[in-house]
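Engineer: Structure incoming, see below.
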Amino acid sequence: MKYFFLLKKTIPFLFIVLMFSCKPREELVYYQNIDGLAAPEKSNTYEIKIQPDDLLLIIVSAEDPESAIPFNLNTISVPSTGVSSIYLRGQESMQSYLVDLSGAIDFPILGTLKVGGLSRLELLQLLKSQISKYIKNPIINIRLMNFKVSVQGEVTLPGTYSINSDRVTLIEALSMAKDLTIYGKRDNILIIREGNGVKSYNRVDITKADFINSPFYYLAQNDVVYVEPNKTKINGAAVGSNTGVIISITSLLITVITFIVTSTN
């Protein structure tokens, strides 16, 4: 009887543990209030701003290709091989411009240009107005070469991700990291951002659809996204690596008790 009594006590305890391990819908589902979300007065037209250490690829062309040559500096990259240099053939590529700590670049013919804090469109307009003094109808292509964001914490594939376009949303970045794990807090995602040498942070709740109108819906270059673990993960880590052993022993104990009770009956 005492074994049967112990079994009766153990099973409800395990049931309670399993019940509290289940996550409610409110903690897991995204965009829960999207149907009742008021339409914004205007769409989010966020544009990234050029910052120090950005790497810009700038290509100038024109109806007369010869006239654009002075505004494009070519570089020669030589592959590293064991062959004598007289047999090496360099690969020609367009030069990129590194924005210095003061937010400036050195551009052919035009000299030093202050580009820090400008959007890509604003820089495009600046270059076009200056280069138009020298050539007719210049065509300018600008691309940010080192746009990247880092995703950390409770995601399936944390890491640093390169972005090929001018904009990336928080949801796109989380999708690159293969989404949050079941242990990630969806209502308290931390975004760390640096602009003009000043670091700032904001917390975003992606279970509420109104975050799509937030200034942090679109990420800036070098943003860090951190997904905090929930209480289940933290409590599990506190128990330590012995959790599996405890569960195994408990399962074995229940099996033995069940066998004894069955045998005595």
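By order of appearance in the structure tokens: chains A, B, ..., then residues from 1 within every chain, and ligands from 1 in the order shown.
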Near Leu110 of chain A, within 12 Å and counting only C-alpha atoms, which residues show up once chain neighbours fewer than 4 positions away are dropped, as number ranges by chain?

Structural biologist: A: 70-72, 105-106, 114, 126-134

Engineer: Using only C-alpha atoms, find the one residue out of A:Gly195, A:Leu98, A:Asp187, A:Asn137 that sits nearest to Lys208 of chain A.

Structural biologist: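 Among the listed residues, the smallest separation from Lys208 of chain A belongs to A:Asp187.
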
Engineer: What's the separation between atom CA of Ser119 of chain A and atom CA of Val151 of chain A, in Å to one decimal place?

Structural biologist: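 Distance reported for this atom pair: 24.1 Å.
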
Engineer: Neighbouring residues of Leu121 of chain A were defined as those with any atom within 10 Å, considering only C-alpha atoms; residues of the same chain fewer than 2 positions away were excluded. Please report them as a PyMOL selection string.

Structural biologist: chain A and resi 47-49+118-119+123-127+142

Engineer: Using the selection just defined, write its residues with C-alpha atoms as a tab-separated table (two decimals), in the first residue's frame.

Structural biologist:
chain	number	residue	atom	x	y	z
A	47	GLU	CA	16.54	55.08	-44.71
A	48	ILE	CA	19.88	54.11	-43.22
A	49	LYS	CA	22.38	56.89	-42.60
A	118	LEU	CA	23.58	61.36	-45.16
A	119	SER	CA	21.22	58.80	-46.60
A	123	LEU	CA	24.71	61.33	-51.12
A	124	LEU	CA	23.52	60.52	-54.62
A	125	GLN	CA	22.11	64.03	-55.02
A	126	LEU	CA	25.30	65.58	-53.62
A	127	LEU	CA	27.56	63.69	-56.02
A	142	ILE	CA	26.06	53.82	-54.72
